[in-house]
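A.B. asks: Below is run29.cif; it holds mmCIF, C-alpha atoms and all ligand atoms.
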data_start
loop_
_atom_site.label_atom_id
_atom_site.label_comp_id
_atom_site.auth_asym_id
_atom_site.auth_seq_id
_atom_site.Cartn_x
_atom_site.Cartn_y
_atom_site.Cartn_z
CA MET A 211 116.88 82.22 116.15
CA ASN A 212 113.89 84.17 114.79
CA HIS A 213 112.90 87.55 116.17
CA VAL A 214 109.68 89.51 115.72
CA VAL A 215 108.53 93.05 116.45
CA ALA A 216 105.30 93.58 118.38
CA VAL A 217 103.58 96.87 117.53
CA ASP A 218 100.66 98.34 119.46
CA VAL A 219 99.15 101.44 117.86
CA GLY A 220 97.41 103.40 120.61
CA GLY A 221 95.61 106.73 120.52
CA THR A 222 98.65 108.67 121.67
CA GLU A 223 101.62 106.33 121.31
CA ILE A 224 102.91 103.52 119.12
CA LYS A 225 104.57 101.01 121.44
CA SER A 226 106.94 98.55 119.83
CA ALA A 227 109.13 95.75 121.14
CA LEU A 228 111.71 93.35 119.74
CA VAL A 229 110.85 89.87 121.03
CA ASP A 230 112.77 86.58 120.72
CA CYS A 231 111.26 83.12 120.22
CA ASP A 232 111.22 82.48 123.99
CA PHE A 233 109.10 85.65 124.30
CA ASN A 234 111.80 87.67 125.99
CA VAL A 235 111.44 91.39 125.31
CA ILE A 236 114.89 92.39 124.02
CA ALA A 237 114.26 96.10 123.43
CA THR A 238 111.39 98.57 123.28
CA ILE A 239 110.87 101.84 121.41
CA ASN A 240 107.84 104.14 121.61
CA ALA A 241 106.90 106.85 119.15
CA PRO A 242 104.02 109.34 119.05
CA THR A 243 100.99 108.21 117.01
CA PRO A 244 100.58 110.54 113.98
CA LYS A 245 97.47 112.71 114.46
CA ALA A 246 94.43 112.49 112.17
CA ASP A 247 96.26 110.14 109.79
CA VAL A 248 93.14 109.05 107.89
CA THR A 249 95.09 107.33 105.09
CA GLY A 250 97.41 105.49 107.52
CA THR A 251 100.43 106.70 105.50
CA GLN A 252 102.18 108.46 108.37
CA THR A 253 101.45 105.61 110.80
CA VAL A 254 102.92 103.05 108.39
CA LYS A 255 105.98 105.29 107.95
CA ALA A 256 106.40 105.58 111.73
CA ILE A 257 106.14 101.80 112.21
CA ALA A 258 108.59 101.18 109.33
CA GLU A 259 111.08 103.49 111.07
CA LEU A 260 110.71 101.58 114.35
CA VAL A 261 111.25 98.27 112.55
CA ALA A 262 114.30 99.72 110.78
CA GLN A 263 115.78 100.68 114.15
CA PHE A 264 115.29 97.15 115.55
CA SER A 265 116.69 95.69 112.31
CA LYS A 266 120.05 97.34 113.03
CA GLN A 267 120.21 95.19 116.16
CA GLN A 268 118.62 91.99 114.85
CA THR A 269 117.05 90.54 111.70
CA VAL A 270 113.26 90.93 112.07
CA ASN A 271 111.35 87.96 110.65
CA ALA A 272 107.74 89.03 111.25
CA ILE A 273 105.59 91.79 112.75
CA GLY A 274 102.62 91.47 115.12
CA LEU A 275 100.38 94.53 114.73
CA ALA A 276 97.63 95.37 117.25
CA VAL A 277 95.19 98.25 116.85
CA PRO A 278 92.09 99.38 118.77
CA GLY A 279 88.55 99.82 117.52
CA ALA A 280 86.29 97.73 115.29
CA LEU A 281 88.30 95.43 113.04
CA ASP A 282 87.85 92.88 110.32
CA GLU A 283 90.74 90.77 111.57
CA PRO A 284 90.83 88.09 108.82
CA ALA A 285 90.79 90.83 106.13
CA GLY A 286 93.37 92.99 107.95
CA ILE A 287 91.08 96.01 107.93
CA SER A 288 90.41 98.63 110.60
CA ARG A 289 86.69 99.21 110.13
CA TRP A 290 86.53 102.12 112.52
CA SER A 291 88.71 103.70 115.17
CA GLY A 292 87.58 106.94 116.80
CA ASN A 293 90.99 107.70 118.30
CA LEU A 294 92.95 107.01 115.13
CA GLN A 295 90.27 108.41 112.76
CA TRP A 296 90.47 105.33 110.54
CA ASN A 297 87.59 104.12 108.40
CA ASN A 298 87.84 100.87 106.42
CA LEU A 299 91.62 101.17 106.28
CA PRO A 300 93.51 98.05 105.04
CA ILE A 301 96.30 98.72 107.52
CA GLN A 302 97.77 95.19 107.53
CA LYS A 303 98.39 95.23 103.77
CA LEU A 304 99.64 98.83 103.80
CA LEU A 305 102.26 97.92 106.39
CA ALA A 306 103.24 94.58 104.83
CA ASP A 307 103.71 96.27 101.41
CA ALA A 308 105.82 99.03 102.96
CA ILE A 309 108.23 96.85 104.93
CA ASN A 310 108.16 93.57 102.99
CA ILE A 311 108.00 91.50 106.18
CA PRO A 312 105.00 89.27 107.07
CA VAL A 313 102.48 91.09 109.32
CA ALA A 314 100.08 89.39 111.77
CA PHE A 315 97.12 91.56 112.71
CA GLY A 316 94.75 91.73 115.66
CA HIS A 317 92.70 93.78 118.09
CA ASP A 318 94.68 95.22 121.01
CA VAL A 319 92.58 93.57 123.73
CA ARG A 320 92.23 90.22 121.96
CA THR A 321 95.94 89.93 121.16
CA ALA A 322 96.67 90.47 124.87
CA ALA A 323 94.15 87.72 125.63
CA VAL A 324 96.07 85.37 123.30
CA ALA A 325 99.07 85.64 125.64
CA GLU A 326 97.02 85.00 128.78
CA MET A 327 95.12 82.12 127.14
CA ARG A 328 98.15 80.31 125.71
CA ASN A 329 100.64 80.76 128.51
CA GLY A 330 99.25 83.05 131.20
CA ALA A 331 96.55 83.37 133.84
CA ALA A 332 93.79 81.85 131.65
CA LYS A 333 95.88 78.90 130.44
CA SER A 334 93.93 76.23 132.30
CA ALA A 335 90.46 77.51 131.31
CA ARG A 336 88.32 76.83 128.24
CA ASN A 337 86.01 79.66 129.25
CA ALA A 338 87.53 82.89 130.48
CA ILE A 339 87.22 86.64 130.22
CA PHE A 340 90.17 88.99 129.93
CA ILE A 341 89.58 92.58 131.01
CA PRO A 342 92.42 95.08 130.66
CA VAL A 343 91.59 98.22 132.60
CA GLY A 344 93.14 101.29 131.02
CA THR A 345 91.87 104.63 129.71
CA GLY A 346 89.05 102.53 128.26
CA ILE A 347 87.62 99.14 129.22
CA ALA A 348 86.78 96.26 126.88
CA ALA A 349 86.87 92.51 127.27
CA ALA A 350 88.14 89.55 125.29
CA LEU A 351 85.73 86.63 125.51
CA ILE A 352 87.26 83.15 125.53
CA ILE A 353 84.44 80.67 124.90
CA ASP A 354 85.00 76.93 124.53
CA GLY A 355 88.73 77.50 124.07
CA GLN A 356 88.39 80.16 121.34
CA ILE A 357 88.50 83.95 121.46
CA ARG A 358 85.10 85.01 120.12
CA SER A 359 84.37 88.53 118.87
CA ALA A 360 81.26 88.35 116.65
CA GLU A 361 83.07 89.92 113.67
CA GLY A 362 84.84 92.31 116.00
CA PHE A 363 81.77 93.79 117.69
CA ALA A 364 81.57 91.77 120.92
CA GLY A 365 83.19 92.48 124.27
CA GLU A 366 82.39 96.18 124.74
CA ILE A 367 81.70 95.80 128.44
CA GLY A 368 82.95 99.33 129.12
CA HIS A 369 79.54 100.47 127.94
CA VAL A 370 77.24 98.29 130.02
CA ASN A 371 75.18 100.33 132.46
CA VAL A 372 76.28 99.82 136.05
CA ASN A 373 74.04 102.59 137.40
CA GLY A 374 76.98 104.97 137.61
CA LYS A 375 76.59 108.72 137.78
CA TYR A 376 79.23 109.87 135.30
CA PRO A 377 78.75 110.65 131.57
CA CYS A 378 80.63 108.36 129.19
CA VAL A 379 82.46 108.99 125.89
CA CYS A 380 79.76 106.93 124.15
CA GLY A 381 77.14 109.58 124.93
CA LYS A 382 75.36 107.74 127.73
CA THR A 383 75.57 108.05 131.49
CA GLY A 384 76.28 105.28 133.95
CA CYS A 385 78.66 103.11 131.88
CA LEU A 386 81.33 100.92 133.50
CA GLU A 387 84.07 102.77 131.64
CA ALA A 388 82.94 106.10 133.14
CA ALA A 389 83.22 104.59 136.64
CA SER A 390 86.16 102.16 136.61
CA SER A 391 88.67 103.11 133.93
CA THR A 392 91.99 104.60 135.00
CA LEU A 393 90.86 107.92 133.50
CA ALA A 394 87.53 107.77 135.38
CA MET A 395 89.28 107.08 138.69
CA SER A 396 91.61 110.06 138.22
CA LYS A 397 88.61 112.28 137.40
CA ALA A 398 86.63 111.01 140.39
CA TYR A 399 89.58 111.64 142.69
CA GLU A 400 89.91 115.17 141.30
CA GLY A 401 86.19 115.74 141.88
CA LEU A 402 86.41 114.72 145.53
CA SER A 403 89.82 116.11 146.49
CA GLY A 404 90.43 118.97 144.02
CA ASN A 405 93.76 117.37 143.05
CA ALA A 406 94.08 116.97 139.28
CA SER A 407 96.15 114.43 137.34
CA VAL A 408 96.51 111.92 140.17
CA THR A 409 97.17 108.57 138.48
CA THR A 410 95.50 105.29 139.35
CA GLU A 411 98.87 104.03 140.54
CA GLU A 412 99.03 106.96 143.00
CA ILE A 413 95.40 106.43 144.07
CA TYR A 414 96.21 102.78 144.77
CA LYS A 415 99.17 103.82 146.94
CA LEU A 416 96.95 106.31 148.80
CA VAL A 417 94.42 103.51 149.42
CA THR A 418 97.08 101.32 150.99
CA ALA A 419 98.21 104.33 153.07
CA GLY A 420 94.66 104.76 154.45
CA ASP A 421 93.54 107.89 152.56
CA PRO A 422 89.70 108.04 152.90
CA VAL A 423 89.09 109.95 149.62
CA ALA A 424 91.18 107.47 147.63
CA GLN A 425 89.32 104.63 149.40
CA GLN A 426 85.97 106.12 148.31
CA VAL A 427 87.14 106.33 144.67
CA TRP A 428 88.47 102.77 144.88
CA ASP A 429 85.25 101.42 146.38
CA ASP A 430 83.12 103.07 143.68
CA ALA A 431 85.35 101.79 140.87
CA THR A 432 85.62 98.23 142.16
CA SER A 433 81.90 97.95 142.95
CA ALA A 434 81.02 99.09 139.39
CA MET A 435 83.46 96.50 138.04
CA ALA A 436 81.93 93.85 140.31
CA ARG A 437 78.44 94.59 138.92
CA ALA A 438 79.72 94.27 135.36
CA CYS A 439 81.42 90.97 136.29
CA GLU A 440 78.16 89.71 137.76
CA MET A 441 76.46 90.24 134.38
CA LEU A 442 79.30 88.57 132.47
CA ILE A 443 79.31 85.61 134.85
CA THR A 444 75.55 85.14 134.59
CA ILE A 445 75.62 85.24 130.78
CA LEU A 446 78.93 83.56 129.89
CA ALA A 447 79.89 81.42 132.93
CA PRO A 448 83.66 81.95 132.76
CA GLU A 449 85.92 79.75 134.90
CA ILE A 450 88.40 82.59 135.26
CA ILE A 451 88.27 86.37 134.91
CA VAL A 452 91.69 87.91 134.28
CA PHE A 453 92.32 91.62 134.86
CA GLY A 454 95.19 93.37 133.10
CA GLY A 455 96.34 96.81 132.05
CA GLY A 456 97.15 99.73 134.30
CA LEU A 457 95.55 98.23 137.40
CA SER A 458 97.59 95.00 137.29
CA ASN A 459 99.99 96.20 139.96
CA ALA A 460 97.17 96.71 142.49
CA GLY A 461 96.74 92.91 142.76
CA GLU A 462 94.57 91.77 145.67
CA THR A 463 93.65 95.35 146.58
CA PHE A 464 91.72 95.38 143.30
CA LEU A 465 90.52 91.76 143.28
CA LYS A 466 89.33 91.39 146.89
CA PRO A 467 86.42 93.88 146.86
CA ILE A 468 85.20 92.40 143.56
CA ARG A 469 85.46 88.87 144.96
CA ASP A 470 83.65 89.89 148.16
CA TYR A 471 80.78 91.42 146.17
CA LEU A 472 80.45 88.34 143.96
CA ASP A 473 80.57 85.99 146.97
CA SER A 474 77.57 87.79 148.44
CA SER A 475 75.61 88.36 145.22
CA LEU A 476 75.98 85.20 143.12
CA THR A 477 73.53 82.42 143.90
CA PHE A 478 73.24 79.65 141.30
CA GLN A 479 76.04 80.87 139.01
CA ARG A 480 79.40 79.17 138.69
CA LYS A 481 81.90 81.30 140.64
CA PRO A 482 84.99 82.13 138.60
CA LYS A 483 88.51 82.59 139.92
CA LEU A 484 89.65 86.20 139.72
CA LYS A 485 93.26 86.70 138.66
CA ILE A 486 95.70 89.39 137.62
CA ALA A 487 97.24 88.96 134.15
CA HIS A 488 100.41 86.84 134.25
CA TYR A 489 102.08 89.21 131.78
CA LYS A 490 100.59 92.27 133.55
CA SER A 491 100.72 95.30 131.24
CA LYS A 492 103.02 93.37 128.83
CA ALA A 493 100.26 90.94 127.75
CA GLY A 494 99.58 92.90 124.55
CA THR A 495 103.24 92.80 123.50
CA ILE A 496 103.58 89.08 124.16
CA GLY A 497 100.28 88.27 122.41
CA CYS A 498 101.34 90.23 119.31
CA ALA A 499 104.66 88.41 119.30
CA MET A 500 102.86 85.05 119.55
CA LEU A 501 100.70 85.88 116.51
CA ALA A 502 103.80 87.01 114.59
CA PHE A 503 105.60 83.73 115.41
CA ASP A 504 102.49 81.84 114.25
CA LEU A 505 103.11 83.28 110.76
CA LEU A 506 106.64 81.86 110.77
CA LYS A 507 105.39 78.39 111.70
CA VAL A 508 103.06 78.19 108.67
CA GLY A 509 104.44 75.87 106.02
CA LYS A 510 107.19 74.46 108.24
ZN ZN B 601 79.66 104.26 127.48
#
Step by step, read the file and then write its structure as structure tokens.
C.D. replies:
Amino acid sequence: MNHVVAVDVGGTEIKSALVDCDFNVIATINAPTPKADVTGTQTVKAIAELVAQFSKQQTVNAIGLAVPGALDEPAGISRWSGNLQWNNLPIQKLLADAINIPVAFGHDVRTAAVAEMRNGAAKSARNAIFIPVGTGIAAALIIDGQIRSAEGFAGEIGHVNVNGKYPCVCGKTGCLEAASSTLAMSKAYEGLSGNASVTTEEIYKLVTAGDPVAQQVWDDATSAMARACEMLITILAPEIIVFGGGLSNAGETFLKPIRDYLDSSLTFQRKPKLKIAHYKSKAGTIGCAMLAFDLLKVGK
């Protein structure tokens, strides 16, 4: 039985998982992401160490590597990542050369969408949008059965203007990401209550417990998301919109206000189903593993 390692290089952590061919996660190991590693050398070393640890347990046949930012996916190059400080870095080749195991390569959001499209909440749809809500917000666009990215530039819905009041990391004010990301919700809750570092998970629990401040934060975040969805629906006509990431556990508490807004605001547009990711926050891991197993199928 073949096994692969799924690796997700985030701004603060490298998350890795050993996955079998039935997409069961056998083991996970996280490591801190090396800081300001402009050559990628330390990151490659850290990933090689994670793979070596899994290899003690199981022969690893391929790697699925996901990174954030602007990518040239076919060429295996990270064009730009603000968090990782990478510029035109051939990270796929650097890793493959270092570990001598085949490496599949993709964008963190789009690899997660692969899992939802092939075997998850978007399986039945030829047109769908996958939106993981985390510290940032971006979307994977599934159009006519294919994930489309316009050379890696498309899907940055975190930076559409939803008439919000908060400044965004991109330099503008009013972006979706500054209103609805998990980070934005924590900041908004702090602004209204004075309590710092309250997580989205905790805010969600406070909402269900009837806390009025948490409810206000929740209403603002979901109504901004609903406005962004309205734009996406009008332009792309998805059959399904799938939400993933840190808000997956909120389920209907997150989906219902968005659905209610769309029910009252859409007129001629096709109304999509709203769903939570089947793989929840594990979609990225499973998608990476799927791409890694694709490499093993080639030539067989
Ligand atoms: Zn922005």
A.B. asks: With the cut-off set at 12 Å and counting only C-alpha atoms and all ligand atoms, tabulate each residue of chain A with an atom at most that distance from an atom of ligand ZN 601 (chain B), showing the nearest atom pair and its distance in Å to one decimal, ordered by chain and increasing number, as JSON lines.
C.D. replies:
{"residue": "A:Gly346", "atom": "CA", "partner": "B:ZN601", "partner_atom": "ZN", "distance": 9.6}
{"residue": "A:Ile347", "atom": "CA", "partner": "B:ZN601", "partner_atom": "ZN", "distance": 9.6}
{"residue": "A:Ala348", "atom": "CA", "partner": "B:ZN601", "partner_atom": "ZN", "distance": 10.7}
{"residue": "A:Glu366", "atom": "CA", "partner": "B:ZN601", "partner_atom": "ZN", "distance": 9.0}
{"residue": "A:Ile367", "atom": "CA", "partner": "B:ZN601", "partner_atom": "ZN", "distance": 8.8}
{"residue": "A:Gly368", "atom": "CA", "partner": "B:ZN601", "partner_atom": "ZN", "distance": 6.1}
{"residue": "A:His369", "atom": "CA", "partner": "B:ZN601", "partner_atom": "ZN", "distance": 3.8}
{"residue": "A:Val370", "atom": "CA", "partner": "B:ZN601", "partner_atom": "ZN", "distance": 6.9}
{"residue": "A:Asn371", "atom": "CA", "partner": "B:ZN601", "partner_atom": "ZN", "distance": 7.8}
{"residue": "A:Val372", "atom": "CA", "partner": "B:ZN601", "partner_atom": "ZN", "distance": 10.2}
{"residue": "A:Asn373", "atom": "CA", "partner": "B:ZN601", "partner_atom": "ZN", "distance": 11.5}
{"residue": "A:Gly374", "atom": "CA", "partner": "B:ZN601", "partner_atom": "ZN", "distance": 10.5}
{"residue": "A:Lys375", "atom": "CA", "partner": "B:ZN601", "partner_atom": "ZN", "distance": 11.6}
{"residue": "A:Tyr376", "atom": "CA", "partner": "B:ZN601", "partner_atom": "ZN", "distance": 9.6}
{"residue": "A:Pro377", "atom": "CA", "partner": "B:ZN601", "partner_atom": "ZN", "distance": 7.6}
{"residue": "A:Cys378", "atom": "CA", "partner": "B:ZN601", "partner_atom": "ZN", "distance": 4.5}
{"residue": "A:Val379", "atom": "CA", "partner": "B:ZN601", "partner_atom": "ZN", "distance": 5.7}
{"residue": "A:Cys380", "atom": "CA", "partner": "B:ZN601", "partner_atom": "ZN", "distance": 4.3}
{"residue": "A:Gly381", "atom": "CA", "partner": "B:ZN601", "partner_atom": "ZN", "distance": 6.4}
{"residue": "A:Lys382", "atom": "CA", "partner": "B:ZN601", "partner_atom": "ZN", "distance": 5.5}
{"residue": "A:Thr383", "atom": "CA", "partner": "B:ZN601", "partner_atom": "ZN", "distance": 6.9}
{"residue": "A:Gly384", "atom": "CA", "partner": "B:ZN601", "partner_atom": "ZN", "distance": 7.4}
{"residue": "A:Cys385", "atom": "CA", "partner": "B:ZN601", "partner_atom": "ZN", "distance": 4.7}
{"residue": "A:Leu386", "atom": "CA", "partner": "B:ZN601", "partner_atom": "ZN", "distance": 7.1}
{"residue": "A:Glu387", "atom": "CA", "partner": "B:ZN601", "partner_atom": "ZN", "distance": 6.2}
{"residue": "A:Ala388", "atom": "CA", "partner": "B:ZN601", "partner_atom": "ZN", "distance": 6.8}
{"residue": "A:Ala389", "atom": "CA", "partner": "B:ZN601", "partner_atom": "ZN", "distance": 9.8}
{"residue": "A:Ser390", "atom": "CA", "partner": "B:ZN601", "partner_atom": "ZN", "distance": 11.4}
{"residue": "A:Ser391", "atom": "CA", "partner": "B:ZN601", "partner_atom": "ZN", "distance": 11.1}
{"residue": "A:Ala394", "atom": "CA", "partner": "B:ZN601", "partner_atom": "ZN", "distance": 11.7}
A.B. asks: Keeping only C-alpha atoms, take the residues you just selected and write them out as an mmCIF file, in the coordinates of the input.
C.D. replies:
data_model
loop_
_atom_site.group_PDB
_atom_site.id
_atom_site.type_symbol
_atom_site.label_atom_id
_atom_site.label_comp_id
_atom_site.auth_asym_id
_atom_site.auth_seq_id
_atom_site.Cartn_x
_atom_site.Cartn_y
_atom_site.Cartn_z
ATOM 1 C CA GLY A 346 89.050 102.530 128.260
ATOM 2 C CA ILE A 347 87.620 99.140 129.220
ATOM 3 C CA ALA A 348 86.780 96.260 126.880
ATOM 4 C CA GLU A 366 82.390 96.180 124.740
ATOM 5 C CA ILE A 367 81.700 95.800 128.440
ATOM 6 C CA GLY A 368 82.950 99.330 129.120
ATOM 7 C CA HIS A 369 79.540 100.470 127.940
ATOM 8 C CA VAL A 370 77.240 98.290 130.020
ATOM 9 C CA ASN A 371 75.180 100.330 132.460
ATOM 10 C CA VAL A 372 76.280 99.820 136.050
ATOM 11 C CA ASN A 373 74.040 102.590 137.400
ATOM 12 C CA GLY A 374 76.980 104.970 137.610
ATOM 13 C CA LYS A 375 76.590 108.720 137.780
ATOM 14 C CA TYR A 376 79.230 109.870 135.300
ATOM 15 C CA PRO A 377 78.750 110.650 131.570
ATOM 16 C CA CYS A 378 80.630 108.360 129.190
ATOM 17 C CA VAL A 379 82.460 108.990 125.890
ATOM 18 C CA CYS A 380 79.760 106.930 124.150
ATOM 19 C CA GLY A 381 77.140 109.580 124.930
ATOM 20 C CA LYS A 382 75.360 107.740 127.730
ATOM 21 C CA THR A 383 75.570 108.050 131.490
ATOM 22 C CA GLY A 384 76.280 105.280 133.950
ATOM 23 C CA CYS A 385 78.660 103.110 131.880
ATOM 24 C CA LEU A 386 81.330 100.920 133.500
ATOM 25 C CA GLU A 387 84.070 102.770 131.640
ATOM 26 C CA ALA A 388 82.940 106.100 133.140
ATOM 27 C CA ALA A 389 83.220 104.590 136.640
ATOM 28 C CA SER A 390 86.160 102.160 136.610
ATOM 29 C CA SER A 391 88.670 103.110 133.930
ATOM 30 C CA ALA A 394 87.530 107.770 135.380
#
A.B. asks: So the first atom is atom CA of A:Ala322 and the second is atom CA of A:Gly497; what is the distance between them in Å, to one decimal place?
C.D. replies: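 According to the coordinates, atom CA of A:Ala322 and atom CA of A:Gly497 are separated by 4.9 Å.
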A.B. asks: So what do you get for atom CA of A:Pro278 versus atom CA of A:Val319, distance-wise?
C.D. replies: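 Separation between atom CA of A:Pro278 and atom CA of A:Val319: 7.7 Å.
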A.B. asks: List the neighbours of A:Lys266 out to 12 Å using only C-alpha atoms; skip same-chain residues closer than 5 positions along the sequence, and give me the result as a list in words.
C.D. replies: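 These residues fall inside the cut-off: Leu228, Ala237, Glu259, Leu260 and Val261 of chain A.
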A.B. asks: How many Å lie between atom CA of A:Gly250 and atom CA of A:Ala227, rounded to one decimal?
C.D. replies: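 So the two atoms, atom CA of A:Gly250 and atom CA of A:Ala227, lie 20.4 Å apart.
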A.B. asks: Give, as lines of an AutoDock Vina configuration file, the centre coordinates and the x, y and z edge lengths in Å to one decimal for an axis-aligned box around all listed atoms of stretch 255-273 of chain A, padded by 5 Å on each side.
C.D. replies:
center_x = 112.9
center_y = 96.8
center_z = 112.1
size_x = 24.6
size_y = 27.6
size_z = 18.2
A.B. asks: Could you tell me which of A:Gly420, A:Pro482, A:Gly316, A:Gly330 comes closest to A:Gly454 if we count only C-alpha atoms?
C.D. replies: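 Ranking A:Gly420, A:Pro482, A:Gly316, A:Gly330 by distance to A:Gly454, first place goes to A:Gly330.
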A.B. asks: Neighbours of A:Asp504 within 12 Å (only C-alpha atoms; same-chain residues fewer than 6 positions away dropped), as a list in words?
C.D. replies: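 Selected residues are Asn212, Val214, Cys231, Asn271, Ala272, Ile273, Gly274, Pro312, Val313, Ala314, Phe315, Val324, Gly497, Cys498 and Lys510 of chain A.
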A.B. asks: Select, counting all atoms listed in the file, all protein, DNA and RNA residues no farther than 9 Å from (77.6, 77.7, 136.5) in file coordinates, and express the selection as a PyMOL selection string.
C.D. replies: chain A and resi 443-444+446-449+478-482
A.B. asks: Smallest atom-to-atom distance to A:Ile309: which of A:Ser288, A:Ala258, A:Asn293, A:Asn337, using all atoms listed in the file?
C.D. replies: A:Ala258
A.B. asks: With distances taken over only C-alpha atoms, which of A:Val277, A:Ile236, A:Arg289, A:Val270 is nearest to A:Thr222?
C.D. replies: A:Val277
A.B. asks: Nearest to A:His317 among A:Met441, A:Ala350, A:Ala335, A:Ala434, with distances taken over all atoms listed in the file: which residue is it?
C.D. replies: A:Ala350
A.B. asks: Which residues come within 12 Å of A:Leu299, counting only C-alpha atoms, excluding same-chain residues fewer than 3 positions away, as a VMD selection string?
C.D. replies: chain A and resid 247 to 251 253 to 254 277 279 to 283 285 to 291 294 to 296 302 to 305
A.B. asks: Quick one: everything within 9 Å of A:Glu440, counting all atoms listed in the file, minus sequence neighbours fewer than 6 positions away in the same chain. Send it as a ChimeraX atom specification.
C.D. replies: /A:471-472,475-476
A.B. asks: For a quick check of understanding, using all atoms listed in the file, which of A:Ala256, A:Val417, A:Ala331, A:Val217 has the smallest distance to A:Ala276?
C.D. replies: A:Val217
A.B. asks: Go ahead and find all residues with at least one atom no further than 9 Å from (90.4, 105.4, 144.4) in the file's coordinates, using all atoms listed in the file; report them as a compact mmCIF listing (two decimals) with C-alpha atoms, in the frame of the given file.
C.D. replies:
# COMPACT_ATOMS: atom_id res chain seq x y z
CA MET A 395 89.28 107.08 138.69
CA SER A 396 91.61 110.06 138.22
CA ALA A 398 86.63 111.01 140.39
CA TYR A 399 89.58 111.64 142.69
CA THR A 410 95.50 105.29 139.35
CA GLU A 412 99.03 106.96 143.00
CA ILE A 413 95.40 106.43 144.07
CA TYR A 414 96.21 102.78 144.77
CA LEU A 416 96.95 106.31 148.80
CA VAL A 417 94.42 103.51 149.42
CA PRO A 422 89.70 108.04 152.90
CA VAL A 423 89.09 109.95 149.62
CA ALA A 424 91.18 107.47 147.63
CA GLN A 425 89.32 104.63 149.40
CA GLN A 426 85.97 106.12 148.31
CA VAL A 427 87.14 106.33 144.67
CA TRP A 428 88.47 102.77 144.88
CA ASP A 429 85.25 101.42 146.38
CA ASP A 430 83.12 103.07 143.68
CA ALA A 431 85.35 101.79 140.87
CA THR A 432 85.62 98.23 142.16
A.B. asks: Between A:Ile486, A:Val408, A:Ile496, A:Leu465, which one has atoms that come closest to A:Phe453, using all atoms listed in the file?
C.D. replies: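 Looking at the shortest contact to A:Phe453, the residue is A:Ile486.
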